[in-house]
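These notes concern the structure reproduced below.
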There are 2 protein chains.
Amino acid sequence: MNSPAVAAPWDAKVDRLAEVAVTVGLGLARGQELVISAPLDALPLVRRITEHAYRAGASLVTTLFADDEATLARYSYAPDESFDRAATWLQDGLAAAYRAGSARLAITGANPALLAGQDSGKVSRANVAFSKASRPALELITRHEINWTIVAAATPSWAKLVFPNLPEEQALAQLWDAIFRTTRIDVPDPVANWRAHGAQLQSRVKLLNDLRFSALRYKGPGTDFTLGLSDDHLWCGGGSTAKNGIAGFPNMPTEEVFTTPHKDRADGTVTSTKPLSYQGTLIDGISVEFKAGRIVRASAKQGDAVLQGMINTDDGARRLGEVALVPHSSPIAQSGLLFWNTLFDENAASHIALGQSYSTCLINGDSLSKSELAAKGANESLIHVDWMIGSGHLDVDGVSASGHSVPLMRQGEWV
Amino acid sequence: MNSPAVAAPWDAKVDRLAEVAVTVGLGLARGQELVISAPLDALPLVRRITEHAYRAGASLVTTLFADDEATLARYSYAPDESFDRAATWLQDGLAAAYRAGSARLAITGANPALLAGQDSGKVSRANVAFSKASRPALELITRHEINWTIVAAATPSWAKLVFPNLPEEQALAQLWDAIFRTTRIDVPDPVANWRAHGAQLQSRVKLLNDLRFSALRYKGPGTDFTLGLSDDHLWCGGGSTAKNGIAGFPNMPTEEVFTTPHKDRADGTVTSTKPLSYQGTLIDGISVEFKAGRIVRASAKQGDAVLQGMINTDDGARRLGEVALVPHSSPIAQSGLLFWNTLFDENAASHIALGQSYSTCLINGDSLSKSELAAKGANESLIHVDWMIGSGHLDVDGVSASGHSVPLMRQGEWV
């Protein structure tokens, strides 16, 4: 595994992305430990991030690499019992690292369709086992106990899916370009640009929080659905401050404002507008029906078995944990690209997430117990899976407690 | 980080090495988890081992990759406090994995001289911090609670050190060849060859255990030294059975028979006969003086500061934890190569190790408490570092409790 001896044309921007991820996305504090998770193909970005983290004063940087080939070997050769197993010792270790103050940086970029040809029962079981094992670590993440961020690295297998008609090297270059553009690296002063962008999202957050809607009503092709917001919900977006006091952007890019829906108040039919890559499987053409907050019918034209496995993870996996509004004019939507990667596609369209809610999207949510959170309608689950329901044809209304409707979005744009 | 699309000429033998490592070295049990540690450059071997492990029934295979570049970035940019830190959460996680029954396979092959140009004070501090953090995991290893093995992968940086005058590709091919030869992969039936080789070493082990020497006396250029064996010492070699009942070979290759010296009985002067690569630093020309088991004077012509840091880790780091006899006719010695890698060089020459002893090299050692082990002379330390003292000029006598001497080795060969 030799690194290419010649410099790639995107090296300088990869370095810039690394620096912005460490300083703006993570806000890494001097003396803080950092744990990176990354696909092997993201090695060049990992190395740049490692250097910038140490330059920013990281006490120690540890990277956990994942190898798509190892995952495929498991599906090809492992005994059946393997698919109910996960590396609990490693997930517990990560939780221990976070409790000890470590920051977390996840690099996304693995093959979105890696497991497309694999047995969906095994895929679902492996996902459930992993979700259970990673629960303690995920709780610390969703409660924002520590500063964390997710950034993307272009990889050959991902680039091939986004640009199927280009040769590998060109596809890779195009995907890097798309990442740099949408992650605001391709501007004269990325740091200032991120600050301004964050402030703009925060002003929309303030507006929505002042309006204090009780519910949102969605209408679009295949979608006719009302979703209650949790009591004391708080719209979030444009960055956040973790409980350790460090401000950053948990997602790079980010174009969304989002809050916590009420787990018992969602009714109607919703149809997805973009495919979803979930743990290496593509799920497309999702249609679900909610009654009193719970999915009572779900189907997908592609990846149906994995979808069923996902919503059967636990009761909370059939209920909503997040609702996010993204205008159709978002730079990511306007790129016209389907990324097959939630970090990008969820920032190109309004979306909802099944599963675990963010306590940070409730007033004083951080100080509430699990039962207090549940009483306000905040959902709990082993999973948190976003899927896209927005498009240029979606209308969204805000509904007040008295039943009064206010147009929020028309044809996918803010009113 | 693309894998080479074309097959390397050594691929078939790498696959064979992987299979032998899993079945003979590790004796992996069906349903057992496996944790691999490896340098990134060992990826091709990691992938073959992963497949063979799953074929052998592994429930889950997790690889922790180490990147030499990340280590160098730490030395270049990390704040000073970094060098007293280690990823305790990860080492604790590994210990938890072993306690839960996971097997362990370590792949050696990282650049033996990686840290040659770095500040030796920082290197020593980082080594001590790592030793402390990895103590719980190392204890489970040295007590053979689980089956574990170490194998080697040829990497460009290592190959360059062994074959400095060859172009990279040729050096890599030569190093792979040397690994295949010494690890007994390059024979018609490697499994049968390993079984026969193990039986041969075990017959020598039996002979030495029947003789029940009280001490060994070494004479050679720069070496004049007597080393007491621990009470109830047990010679080991030719594979072992871990406490989980699984038989395997913890080192591949292995040519040594070894036992536990008495921590309070070593006197005289010892000079190293080969350089030692210790955590990325080369230490050469070691000369030490023992008095009553303890090093009272130590120097190295190269890497002296790291040597001093090493023996100052704790009191046990100045005392012996292992003594091993290897004839100068060992196939590894006869290759004439200096590997700059302990797994190979220690199997080319008689050696001693400072630090932690193996309780398995004592009669009923596994059932003894720490204080009982200490009472028998078994050493305890955070470190375990082998260094080579054998050559074609070394004579070794066995000394009985009554003071009677028996020639064991003359000019490096068994008598």
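Here's how to read the names in the structure tokens: chain A, B, ... by the order shown, residue numbers from 1 in each chain, ligand numbers from 1 in the order shown.
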
Next item on the list: For Ile141 of chain B, please output as a PyMOL selection string all residues within 12 Å (counting only C-alpha atoms; exclusion window: fewer than 4 positions along the same chain).
Entry: chain B and resi 94-95+97-99+101-106+134-137+145-150+242-244+250+356-360+384

Item checked: Test item, strand (DSSP E or B) assignment across segment 95-284 of chain B, answer as a PyMOL selection string -> chain B and resi 103-108+148-152+215-220+223-229+233+236-237+240-241+247-248+251+257-259+261-271+276-278+281-284

The selected residues should be written to file as a PDB file, in the first residue's frame (atoms: C-alpha atoms).
ATOM      1  CA  ALA B 103      -7.452 -13.987  19.723  1.00  0.00           C
ATOM      2  CA  ARG B 104      -4.719 -11.545  18.758  1.00  0.00           C
ATOM      3  CA  LEU B 105      -2.557 -11.407  15.667  1.00  0.00           C
ATOM      4  CA  ALA B 106       0.150  -8.748  15.415  1.00  0.00           C
ATOM      5  CA  ILE B 107       1.790  -7.989  12.105  1.00  0.00           C
ATOM      6  CA  THR B 108       5.262  -6.532  12.367  1.00  0.00           C
ATOM      7  CA  TRP B 148      -1.816 -14.994  19.938  1.00  0.00           C
ATOM      8  CA  THR B 149       0.843 -14.828  17.284  1.00  0.00           C
ATOM      9  CA  ILE B 150       3.168 -12.387  15.557  1.00  0.00           C
ATOM     10  CA  VAL B 151       3.988 -12.604  11.857  1.00  0.00           C
ATOM     11  CA  ALA B 152       5.790 -10.237   9.523  1.00  0.00           C
ATOM     12  CA  ALA B 215      22.367 -21.023  36.150  1.00  0.00           C
ATOM     13  CA  LEU B 216      23.867 -20.362  32.717  1.00  0.00           C
ATOM     14  CA  ARG B 217      27.396 -19.035  32.186  1.00  0.00           C
ATOM     15  CA  TYR B 218      28.137 -17.027  29.013  1.00  0.00           C
ATOM     16  CA  LYS B 219      31.595 -16.315  27.540  1.00  0.00           C
ATOM     17  CA  GLY B 220      32.230 -14.479  24.294  1.00  0.00           C
ATOM     18  CA  THR B 223      30.488 -11.005  27.345  1.00  0.00           C
ATOM     19  CA  ASP B 224      31.412 -12.713  30.615  1.00  0.00           C
ATOM     20  CA  PHE B 225      28.338 -13.256  32.633  1.00  0.00           C
ATOM     21  CA  THR B 226      26.398 -15.694  34.770  1.00  0.00           C
ATOM     22  CA  LEU B 227      22.643 -15.711  34.897  1.00  0.00           C
ATOM     23  CA  GLY B 228      20.604 -17.591  37.482  1.00  0.00           C
ATOM     24  CA  LEU B 229      17.487 -19.421  36.377  1.00  0.00           C
ATOM     25  CA  HIS B 233      11.876 -22.588  35.782  1.00  0.00           C
ATOM     26  CA  CYS B 236       9.564 -23.490  26.610  1.00  0.00           C
ATOM     27  CA  GLY B 237       9.647 -23.474  22.824  1.00  0.00           C
ATOM     28  CA  SER B 240       2.544 -23.460  23.346  1.00  0.00           C
ATOM     29  CA  THR B 241      -1.003 -24.006  24.525  1.00  0.00           C
ATOM     30  CA  ALA B 247      -2.332 -24.591  20.813  1.00  0.00           C
ATOM     31  CA  GLY B 248      -0.296 -22.443  18.451  1.00  0.00           C
ATOM     32  CA  ASN B 251       6.064 -16.270  17.029  1.00  0.00           C
ATOM     33  CA  VAL B 257      14.077 -22.383  23.462  1.00  0.00           C
ATOM     34  CA  PHE B 258      13.574 -20.021  26.361  1.00  0.00           C
ATOM     35  CA  THR B 259      12.867 -19.818  30.050  1.00  0.00           C
ATOM     36  CA  PRO B 261      15.782 -16.233  34.610  1.00  0.00           C
ATOM     37  CA  HIS B 262      15.995 -15.303  38.290  1.00  0.00           C
ATOM     38  CA  LYS B 263      15.499 -11.560  38.618  1.00  0.00           C
ATOM     39  CA  ASP B 264      18.040 -11.276  41.461  1.00  0.00           C
ATOM     40  CA  ARG B 265      20.789 -13.507  40.051  1.00  0.00           C
ATOM     41  CA  ALA B 266      22.722 -12.097  37.126  1.00  0.00           C
ATOM     42  CA  ASP B 267      26.314 -10.907  37.371  1.00  0.00           C
ATOM     43  CA  GLY B 268      28.865  -9.764  34.854  1.00  0.00           C
ATOM     44  CA  THR B 269      29.135  -7.994  31.549  1.00  0.00           C
ATOM     45  CA  VAL B 270      27.073  -8.591  28.416  1.00  0.00           C
ATOM     46  CA  THR B 271      27.573  -7.087  24.967  1.00  0.00           C
ATOM     47  CA  LEU B 276      17.911  -3.740  18.124  1.00  0.00           C
ATOM     48  CA  SER B 277      14.972  -1.784  16.725  1.00  0.00           C
ATOM     49  CA  TYR B 278      12.925  -0.642  19.682  1.00  0.00           C
ATOM     50  CA  THR B 281      14.613   3.629  17.250  1.00  0.00           C
ATOM     51  CA  LEU B 282      17.799   1.699  16.516  1.00  0.00           C
ATOM     52  CA  ILE B 283      19.903   0.747  19.518  1.00  0.00           C
ATOM     53  CA  ASP B 284      23.316  -0.708  18.717  1.00  0.00           C
TER      54      ASP B 284
END

Note to self: Excluding segment 117-129 of chain B and its own-chain neighbours fewer than 6 positions away, which residues fall within 6 Å of it when counting only C-alpha atoms? Please give them as a list of chain:residue names.
What the structure shows: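 Near segment 117-129 of chain B, the qualifying residues are B:Phe83, B:Asp84, B:Arg85, B:Ala86, B:Ala305, B:Val306, B:Gly309.
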
List every residue of segment 254-354 of chain A that has an atom at most 8 Å from any atom of segment 378-382 of chain A, and for each one report the closest atom pair and its distance in Å to one decimal, counting only C-alpha atoms, with rows sorted by chain and then by increasing residue number, as a Markdown table.
| residue | atom | partner | partner_atom | distance |
| --- | --- | --- | --- | --- |
| A:Thr260 | CA | A:Ala378 | CA | 6.5 |
| A:Pro261 | CA | A:Ala378 | CA | 6.9 |
| A:His262 | CA | A:Ala378 | CA | 6.0 |
| A:Lys263 | CA | A:Asn379 | CA | 5.3 |
| A:Thr313 | CA | A:Leu382 | CA | 7.3 |
| A:Asp314 | CA | A:Ser381 | CA | 6.5 |
| A:Asp315 | CA | A:Ser381 | CA | 7.3 |
| A:Gly316 | CA | A:Ser381 | CA | 4.6 |
| A:Ala317 | CA | A:Ser381 | CA | 5.8 |
| A:Arg319 | CA | A:Asn379 | CA | 6.9 |
| A:Leu320 | CA | A:Asn379 | CA | 6.7 |
| A:Gly321 | CA | A:Asn379 | CA | 5.4 |

Save out the residues we just selected, all heavy atoms, as a compact mmCIF listing (two decimals), in the first residue's frame.
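Below is the file that was written, result-v3.txt:
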# COMPACT_ATOMS: atom_id res chain seq x y z
N THR A 260 -36.65 18.76 17.07
CA THR A 260 -37.11 17.46 17.55
C THR A 260 -38.62 17.34 17.40
O THR A 260 -39.36 18.09 18.02
CB THR A 260 -36.71 17.28 19.03
OG1 THR A 260 -35.28 17.31 19.12
CG2 THR A 260 -37.21 15.96 19.60
N PRO A 261 -39.07 16.41 16.56
CA PRO A 261 -40.52 16.19 16.43
C PRO A 261 -41.06 15.45 17.66
O PRO A 261 -40.29 14.94 18.48
CB PRO A 261 -40.63 15.32 15.19
CG PRO A 261 -39.31 14.63 15.06
CD PRO A 261 -38.28 15.50 15.72
N HIS A 262 -42.40 15.42 17.76
CA HIS A 262 -43.03 14.68 18.85
C HIS A 262 -43.21 13.24 18.43
O HIS A 262 -43.82 12.96 17.41
CB HIS A 262 -44.39 15.31 19.20
CG HIS A 262 -44.91 14.86 20.53
ND1 HIS A 262 -45.32 13.57 20.77
CD2 HIS A 262 -45.07 15.54 21.70
CE1 HIS A 262 -45.72 13.47 22.02
NE2 HIS A 262 -45.57 14.65 22.62
N LYS A 263 -42.70 12.33 19.23
CA LYS A 263 -42.66 10.92 18.84
C LYS A 263 -44.06 10.30 18.68
O LYS A 263 -44.20 9.27 17.99
CB LYS A 263 -41.83 10.10 19.84
CG LYS A 263 -42.45 9.98 21.23
CD LYS A 263 -41.51 9.24 22.18
CE LYS A 263 -42.03 9.27 23.61
NZ LYS A 263 -43.31 8.58 23.81
N THR A 313 -35.61 -2.39 14.39
CA THR A 313 -34.52 -2.41 15.38
C THR A 313 -35.09 -2.29 16.79
O THR A 313 -34.73 -3.04 17.70
CB THR A 313 -33.54 -1.24 15.11
OG1 THR A 313 -33.05 -1.35 13.79
CG2 THR A 313 -32.39 -1.27 16.11
N ASP A 314 -35.98 -1.33 16.98
CA ASP A 314 -36.66 -1.17 18.28
C ASP A 314 -37.90 -0.30 18.02
O ASP A 314 -38.12 0.15 16.89
CB ASP A 314 -35.73 -0.56 19.34
CG ASP A 314 -35.01 0.71 18.87
OD1 ASP A 314 -35.55 1.41 17.99
OD2 ASP A 314 -33.91 0.99 19.38
N ASP A 315 -38.70 -0.05 19.05
CA ASP A 315 -39.93 0.71 18.82
C ASP A 315 -39.62 2.12 18.33
O ASP A 315 -40.29 2.66 17.45
CB ASP A 315 -40.78 0.78 20.10
CG ASP A 315 -42.09 1.54 19.85
OD1 ASP A 315 -42.92 1.03 19.08
OD2 ASP A 315 -42.24 2.66 20.39
N GLY A 316 -38.55 2.71 18.86
CA GLY A 316 -38.18 4.07 18.48
C GLY A 316 -37.73 4.18 17.03
O GLY A 316 -37.72 5.28 16.47
N ALA A 317 -37.36 3.06 16.42
CA ALA A 317 -36.90 3.09 15.03
C ALA A 317 -38.07 3.33 14.07
O ALA A 317 -37.86 3.61 12.89
CB ALA A 317 -36.19 1.79 14.68
N ARG A 319 -40.34 5.66 14.80
CA ARG A 319 -40.81 7.01 15.15
C ARG A 319 -39.75 8.04 14.76
O ARG A 319 -38.59 7.70 14.57
CB ARG A 319 -41.11 7.08 16.65
CG ARG A 319 -42.21 6.13 17.09
CD ARG A 319 -42.36 6.11 18.62
NE ARG A 319 -43.32 5.09 19.04
CZ ARG A 319 -44.64 5.29 19.10
NH1 ARG A 319 -45.14 6.48 18.81
NH2 ARG A 319 -45.45 4.31 19.47
N LEU A 320 -40.16 9.29 14.71
CA LEU A 320 -39.27 10.35 14.23
C LEU A 320 -38.41 10.92 15.36
O LEU A 320 -38.89 11.16 16.47
CB LEU A 320 -40.10 11.47 13.58
CG LEU A 320 -40.80 11.07 12.29
CD1 LEU A 320 -41.74 12.19 11.82
CD2 LEU A 320 -39.78 10.74 11.20
N GLY A 321 -37.16 11.17 15.05
CA GLY A 321 -36.22 11.77 16.00
C GLY A 321 -35.71 13.12 15.56
O GLY A 321 -35.08 13.84 16.34

Margin query: Please find the residues of chain B near chain A - the criterion being any atom within 6 Å, counting only C-alpha atoms - and write them as a PyMOL selection string.
Written below: chain B and resi 1+41+51+54-55+57+59+73+77-79+82+89-90+93+96-97

Checklist line | d(atom CA of Ser203 of chain B, atom CA of Leu362 of chain B) in Å | finding: 17.6 Å

Note to self: I'd like to know which residues of segment 62-260 of chain A are alpha helix (DSSP H) (by DSSP, run on the backbone); could you write them as a PyMOL selection string?
What the structure shows: chain A and resi 68-77+88-99+120-133+135-142+156-162+168-182+190-211

Next item on the list: Kindly give the distance, in Å, that separates atom CA of Val191 of chain B and atom CA of Leu337 of chain B, rounded to a single decimal.
Entry: 24.9 Å

Item checked: Spatial neighbours of segment 389-401 of chain B, max dist 6 Å, only C-alpha atoms, sep filter under 4 positions, as a ChimeraX atom specification -> /B:213-220,272-273,328,349-351,405-412

Please produce an output containing C-alpha atoms for each residue in the selection, written as an mmCIF file, in the first residue's frame.
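This is the output file out23.cif:
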data_model
loop_
_atom_site.group_PDB
_atom_site.id
_atom_site.type_symbol
_atom_site.label_atom_id
_atom_site.label_comp_id
_atom_site.auth_asym_id
_atom_site.auth_seq_id
_atom_site.Cartn_x
_atom_site.Cartn_y
_atom_site.Cartn_z
ATOM 1 C CA PHE B 213 20.320 -26.183 35.680
ATOM 2 C CA SER B 214 20.539 -23.533 38.341
ATOM 3 C CA ALA B 215 22.367 -21.023 36.150
ATOM 4 C CA LEU B 216 23.867 -20.362 32.717
ATOM 5 C CA ARG B 217 27.396 -19.035 32.186
ATOM 6 C CA TYR B 218 28.137 -17.027 29.013
ATOM 7 C CA LYS B 219 31.595 -16.315 27.540
ATOM 8 C CA GLY B 220 32.230 -14.479 24.294
ATOM 9 C CA SER B 272 24.973 -7.158 22.230
ATOM 10 C CA THR B 273 25.819 -8.866 18.953
ATOM 11 C CA HIS B 328 24.232 -20.025 15.262
ATOM 12 C CA ALA B 349 20.977 -15.593 18.003
ATOM 13 C CA SER B 350 20.823 -16.457 21.679
ATOM 14 C CA HIS B 351 19.242 -13.555 23.492
ATOM 15 C CA SER B 405 29.365 -27.034 34.829
ATOM 16 C CA VAL B 406 28.178 -28.726 31.612
ATOM 17 C CA PRO B 407 29.046 -27.305 28.180
ATOM 18 C CA LEU B 408 25.783 -26.392 26.396
ATOM 19 C CA MET B 409 27.005 -24.359 23.454
ATOM 20 C CA ARG B 410 30.452 -23.955 21.930
ATOM 21 C CA GLN B 411 31.126 -21.315 19.286
ATOM 22 C CA GLY B 412 27.406 -20.702 19.077
#

Checklist line | Minimum-distance residue to Leu26 of chain B, chosen among B:Pro164, B:Gly245, B:Met388, B:Ala159 (using only C-alpha atoms) | finding: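 Nearest candidate to Leu26 of chain B out of B:Pro164, B:Gly245, B:Met388, B:Ala159: B:Gly245.
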
Notebook entry, point to check: Taking into account only C-alpha atoms, which residue in the set B:Thr182, B:Gln200, B:Ser371, B:Ser131 is nearest to Gly355 of chain B?
Noted result: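 When distances to Gly355 of chain B are compared using only C-alpha atoms, the smallest one comes from B:Ser131.
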
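Atom CA of Met252 of chain A sits 7.7 Å away from atom CA of Ala21 of chain A.
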
Item checked: All residues 10 Å or closer to Thr183 of chain B, only C-alpha atoms, same chain fewer than 3 positions away omitted, as an MDAnalysis selection string -> chainID B and resid 17 20:21 151:152 177:180 186:187 190 194 251:254 331:332 344

Restricting it to all heavy atoms, dump the selection as a compact mmCIF listing (two decimals), in the first residue's frame.
# COMPACT_ATOMS: atom_id res chain seq x y z
N LEU B 17 1.06 -17.68 3.64
CA LEU B 17 1.51 -17.21 4.95
C LEU B 17 0.30 -16.88 5.83
O LEU B 17 0.25 -17.23 7.02
CB LEU B 17 2.40 -15.96 4.77
CG LEU B 17 2.80 -15.19 6.03
CD1 LEU B 17 3.60 -16.08 6.98
CD2 LEU B 17 3.63 -13.95 5.67
N VAL B 20 -1.33 -20.13 7.03
CA VAL B 20 -0.54 -20.80 8.06
C VAL B 20 -0.58 -20.01 9.37
O VAL B 20 -0.66 -20.58 10.46
CB VAL B 20 0.92 -21.02 7.57
CG1 VAL B 20 1.79 -21.60 8.68
CG2 VAL B 20 0.92 -21.93 6.35
N ALA B 21 -0.56 -18.69 9.27
CA ALA B 21 -0.62 -17.86 10.49
C ALA B 21 -1.93 -18.10 11.23
O ALA B 21 -1.94 -18.21 12.46
CB ALA B 21 -0.49 -16.38 10.12
N VAL B 151 3.39 -12.28 13.16
CA VAL B 151 3.99 -12.60 11.86
C VAL B 151 4.45 -11.30 11.22
O VAL B 151 4.12 -10.22 11.70
CB VAL B 151 3.00 -13.31 10.90
CG1 VAL B 151 2.62 -14.68 11.42
CG2 VAL B 151 1.76 -12.46 10.67
N ALA B 152 5.21 -11.43 10.15
CA ALA B 152 5.79 -10.24 9.52
C ALA B 152 5.26 -10.03 8.11
O ALA B 152 4.95 -10.99 7.41
CB ALA B 152 7.31 -10.36 9.47
N ASP B 177 10.81 -12.88 0.23
CA ASP B 177 11.43 -14.20 0.09
C ASP B 177 12.05 -14.66 1.41
O ASP B 177 11.90 -15.81 1.80
CB ASP B 177 12.53 -14.15 -1.00
CG ASP B 177 11.97 -14.51 -2.36
OD1 ASP B 177 10.78 -14.91 -2.43
OD2 ASP B 177 12.71 -14.38 -3.36
N ALA B 178 12.75 -13.73 2.07
CA ALA B 178 13.39 -14.08 3.35
C ALA B 178 12.33 -14.44 4.39
O ALA B 178 12.51 -15.36 5.19
CB ALA B 178 14.25 -12.91 3.83
N ILE B 179 11.21 -13.71 4.38
CA ILE B 179 10.12 -14.02 5.32
C ILE B 179 9.54 -15.40 5.01
O ILE B 179 9.33 -16.22 5.91
CB ILE B 179 9.04 -12.92 5.25
CG1 ILE B 179 9.57 -11.61 5.83
CG2 ILE B 179 7.77 -13.37 6.00
CD1 ILE B 179 8.65 -10.41 5.62
N PHE B 180 9.28 -15.66 3.73
CA PHE B 180 8.70 -16.96 3.37
C PHE B 180 9.64 -18.11 3.76
O PHE B 180 9.19 -19.13 4.27
CB PHE B 180 8.40 -17.03 1.87
CG PHE B 180 7.39 -16.01 1.41
CD1 PHE B 180 7.55 -15.35 0.20
CD2 PHE B 180 6.28 -15.71 2.19
CE1 PHE B 180 6.62 -14.40 -0.23
CE2 PHE B 180 5.36 -14.75 1.77
CZ PHE B 180 5.52 -14.11 0.56
N ASP B 186 7.86 -21.58 2.36
CA ASP B 186 8.45 -21.93 1.07
C ASP B 186 8.80 -23.41 0.99
O ASP B 186 9.85 -23.77 0.48
CB ASP B 186 9.72 -21.07 0.92
CG ASP B 186 9.83 -20.54 -0.49
OD1 ASP B 186 9.01 -20.94 -1.32
OD2 ASP B 186 10.75 -19.75 -0.74
N VAL B 187 7.95 -24.26 1.54
CA VAL B 187 8.18 -25.71 1.54
C VAL B 187 6.91 -26.37 1.00
O VAL B 187 5.85 -25.75 1.00
CB VAL B 187 8.50 -26.23 2.97
CG1 VAL B 187 9.80 -25.64 3.47
CG2 VAL B 187 7.36 -25.89 3.93
N PRO B 190 3.76 -26.60 4.40
CA PRO B 190 4.14 -25.75 5.54
C PRO B 190 3.56 -26.24 6.87
O PRO B 190 4.23 -26.18 7.90
CB PRO B 190 3.56 -24.38 5.17
CG PRO B 190 3.42 -24.39 3.70
CD PRO B 190 3.11 -25.81 3.33
N TRP B 194 5.84 -27.18 10.01
CA TRP B 194 5.74 -26.50 11.30
C TRP B 194 5.56 -27.50 12.44
O TRP B 194 6.15 -27.35 13.51
CB TRP B 194 4.59 -25.49 11.28
CG TRP B 194 5.07 -24.13 10.88
CD1 TRP B 194 5.02 -23.58 9.63
CD2 TRP B 194 5.70 -23.16 11.74
NE1 TRP B 194 5.59 -22.32 9.65
CE2 TRP B 194 6.01 -22.04 10.93
CE3 TRP B 194 6.04 -23.12 13.08
CZ2 TRP B 194 6.64 -20.90 11.44
CZ3 TRP B 194 6.66 -21.99 13.60
CH2 TRP B 194 6.96 -20.90 12.79
N ASN B 251 5.17 -17.00 17.93
CA ASN B 251 6.06 -16.27 17.03
C ASN B 251 6.25 -17.08 15.76
O ASN B 251 6.45 -18.30 15.81
CB ASN B 251 7.46 -16.07 17.65
CG ASN B 251 7.53 -14.97 18.70
OD1 ASN B 251 8.60 -14.62 19.16
ND2 ASN B 251 6.40 -14.44 19.11
N MET B 252 6.17 -16.40 14.63
CA MET B 252 6.45 -17.04 13.34
C MET B 252 7.38 -16.13 12.56
O MET B 252 6.92 -15.09 12.10
CB MET B 252 5.16 -17.26 12.56
CG MET B 252 4.15 -18.10 13.31
SD MET B 252 2.67 -18.45 12.32
CE MET B 252 3.26 -19.85 11.37
N PRO B 253 8.66 -16.45 12.42
CA PRO B 253 9.31 -17.72 12.75
C PRO B 253 9.62 -17.86 14.24
O PRO B 253 9.53 -16.89 15.00
CB PRO B 253 10.63 -17.62 11.97
CG PRO B 253 10.92 -16.14 11.92
CD PRO B 253 9.58 -15.49 11.81
N THR B 254 10.02 -19.09 14.63
CA THR B 254 10.56 -19.32 15.96
C THR B 254 11.64 -20.39 15.88
O THR B 254 11.47 -21.39 15.19
CB THR B 254 9.47 -19.73 16.96
OG1 THR B 254 10.06 -19.84 18.26
CG2 THR B 254 8.82 -21.07 16.60
N PRO B 331 18.40 -21.33 10.72
CA PRO B 331 18.25 -20.89 9.32
C PRO B 331 18.23 -19.38 9.17
O PRO B 331 18.66 -18.85 8.15
CB PRO B 331 16.90 -21.48 8.90
CG PRO B 331 16.44 -22.37 9.98
CD PRO B 331 17.33 -22.23 11.16
N ILE B 332 17.77 -18.69 10.20
CA ILE B 332 17.71 -17.23 10.11
C ILE B 332 19.11 -16.65 10.20
O ILE B 332 19.48 -15.76 9.42
CB ILE B 332 16.77 -16.67 11.20
CG1 ILE B 332 15.38 -17.27 10.99
CG2 ILE B 332 16.73 -15.15 11.14
CD1 ILE B 332 14.41 -16.98 12.10
N PHE B 344 12.78 -11.59 13.91
CA PHE B 344 13.72 -12.39 13.13
C PHE B 344 15.08 -12.47 13.81
O PHE B 344 15.64 -13.55 13.98
CB PHE B 344 13.85 -11.81 11.71
CG PHE B 344 12.58 -12.01 10.94
CD1 PHE B 344 11.52 -11.12 11.09
CD2 PHE B 344 12.42 -13.10 10.13
CE1 PHE B 344 10.33 -11.32 10.41
CE2 PHE B 344 11.22 -13.32 9.45
CZ PHE B 344 10.18 -12.42 9.60

Check: What lies within 8 Å of segment 299-301 of chain A using only C-alpha atoms, ignoring chain neighbours under 3 positions off, as a ChimeraX atom specification?
Finding: /A:283-288,304,307-308

Please produce a file of the residues just selected, as a JSON list (two decimals), in the first residue's frame, where the atoms kept are C-alpha atoms.
[["chain", "number", "residue", "atom", "x", "y", "z"],
["A", 283, "ILE", "CA", -32.69, 2.17, -0.15],
["A", 284, "ASP", "CA", -34.81, 3.96, -2.75],
["A", 285, "GLY", "CA", -38.48, 4.79, -3.31],
["A", 286, "ILE", "CA", -39.41, 4.76, 0.39],
["A", 287, "SER", "CA", -43.08, 5.24, 1.19],
["A", 288, "VAL", "CA", -44.35, 5.11, 4.75],
["A", 304, "ASP", "CA", -37.01, -2.99, 1.17],
["A", 307, "LEU", "CA", -35.58, -0.86, 5.45],
["A", 308, "GLN", "CA", -37.81, -3.36, 7.27]]
